[in-house]
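Engineer: Below are the C-alpha cells for one structure; questions will follow.
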Amino acid sequence: MVSTHMSDLVPISALQHFVYCPRQCALIHVAQVWNENLHTQKGRREHARVDEPASEQRDGIRIERALPVWSERLDIIGKCDVVEFHPDGTVYPVEYKHGPRRKGLHDDVQLCAQALCLEEMLEVTIAEGAIFHVSSRRRRVVKLDDALRKETQGVIAAVRAMLDSGQIPMAEHGKQCECCSLRNACLPDAGQVKDIGLFEPLEDNACISF
C-alpha cells in the first residue's frame, strides 16, 4: 500500500517527458496541456495490448501486463507494460515503444525507474530490462548499472523540483521538436526561439512514444 498521497507522487511517465524535453514535461504535468499527433496516435494503437492488466504463463515464465508499480522511497508511481517473472527468480521489466529499435536516454530512464520500484516492492535486484520496439519487433537490452540509476534518481529530483515550483521552462527549439505533439502549443512561432541541439542521446527521427 502506498502511504504517500497519490497527488504527491511523481508519475514515471514525467521522467521520460523531462529527459526528452523539460518544457514538454512541464506543459503536460504542470499546465495540463496535451495534443495528439500521428506519432502519439500510432504509439497508442501499438501500445493497446499492454495497456490492459493481464497475466499469462509461457515457457515457465509468468508474464504480467500493465502492472502498477511505485516507490515510497523515491515518491514515484507508474505502470510497467510487461514484467516477466522467470523460474530462477529473475524479474525482467520490458517497456514497449513505437518505432524502430534505437537507443534513447528518455526510454532508459523510464525503464530504470520501473525497475527501482520493482526492486523496492519485491525486495529483489534487477540487473537489466529491455525496450521492445514495436515497428522492428526487436528488443534492446538495457543494463541497469550504477550510472543509469544515478541519472534516473537525478531526473526524479529535477522533476519533483519542477512540479513543486509550478514553473514552465522557456522554449528552446531543437531536433526533438519536429515530431512533438505539443509543437504548436509550445512554439507558435518557432522563429522566435533559439535553435539548439538538446539531449544528444536522441537520434535522428527519434520521436517520443507514449
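If you're wondering about the labels, chains in the C-alpha cells are A, B, ... by order shown, residues count from 1 in each chain, ligands from 1 in order shown.
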Taking 6 positions as the minimum chain separation for residues in the same chain, which residues sit within 10 Å of Asp145 (chain A) when counting only C-alpha atoms? Answer as a count of residues only.

Structural biologist: 4

Engineer: Where does DSSP see alpha helix (DSSP H) in region 76-154 of chain A, if you list the residues as a tab-separated table (two decimals) with C-alpha atoms, in the first residue's frame?

Structural biologist:
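Generated file (out-v7.tsv):
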chain	number	residue	atom	x	y	z
A	105	LEU	CA	18.03	8.01	-22.72
A	106	HIS	CA	14.41	9.03	-22.07
A	107	ASP	CA	13.30	5.40	-22.56
A	108	ASP	CA	16.16	4.02	-20.46
A	109	VAL	CA	15.37	6.34	-17.55
A	110	GLN	CA	11.70	5.31	-17.66
A	111	LEU	CA	12.64	1.62	-17.60
A	112	CYS	CA	15.15	2.14	-14.80
A	113	ALA	CA	12.54	3.93	-12.67
A	114	GLN	CA	10.18	1.00	-13.13
A	115	ALA	CA	12.95	-1.38	-12.06
A	116	LEU	CA	13.71	0.69	-8.95
A	117	CYS	CA	10.06	0.41	-7.97
A	118	LEU	CA	10.01	-3.34	-8.55
A	119	GLU	CA	13.20	-3.78	-6.50
A	120	GLU	CA	11.66	-1.96	-3.56
A	121	MET	CA	8.28	-3.70	-3.82
A	122	LEU	CA	9.62	-7.23	-4.31
A	146	ASP	CA	25.08	2.46	-11.36
A	147	ALA	CA	25.41	5.26	-13.91
A	148	LEU	CA	21.84	4.85	-15.19
A	149	ARG	CA	20.48	4.52	-11.65
A	150	LYS	CA	22.23	7.75	-10.63
A	151	GLU	CA	20.94	9.50	-13.77
A	152	THR	CA	17.41	8.32	-13.07
A	153	GLN	CA	17.44	9.48	-9.46
A	154	GLY	CA	18.76	12.86	-10.61

Engineer: Out of A:Lys79, A:Arg58, A:His98, A:His173, which residue has the shortest atom-to-atom distance to Arg137 (chain A) when counting only C-alpha atoms?

Structural biologist: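 With only C-alpha atoms as the atom set, the closest residue is A:His98.
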
Engineer: Nearest residue to Gln24 (chain A) out of A:Ile168, A:Leu9, A:Lys175, A:Ala54, using only C-alpha atoms?

Structural biologist: A:Ile168

Engineer: Quick one: residues within 7 Å of Lys97 (chain A), only C-alpha atoms, excluding same-chain residues fewer than 4 positions away - as a VMD selection string?

Structural biologist: chain A and resid 131 to 134 209
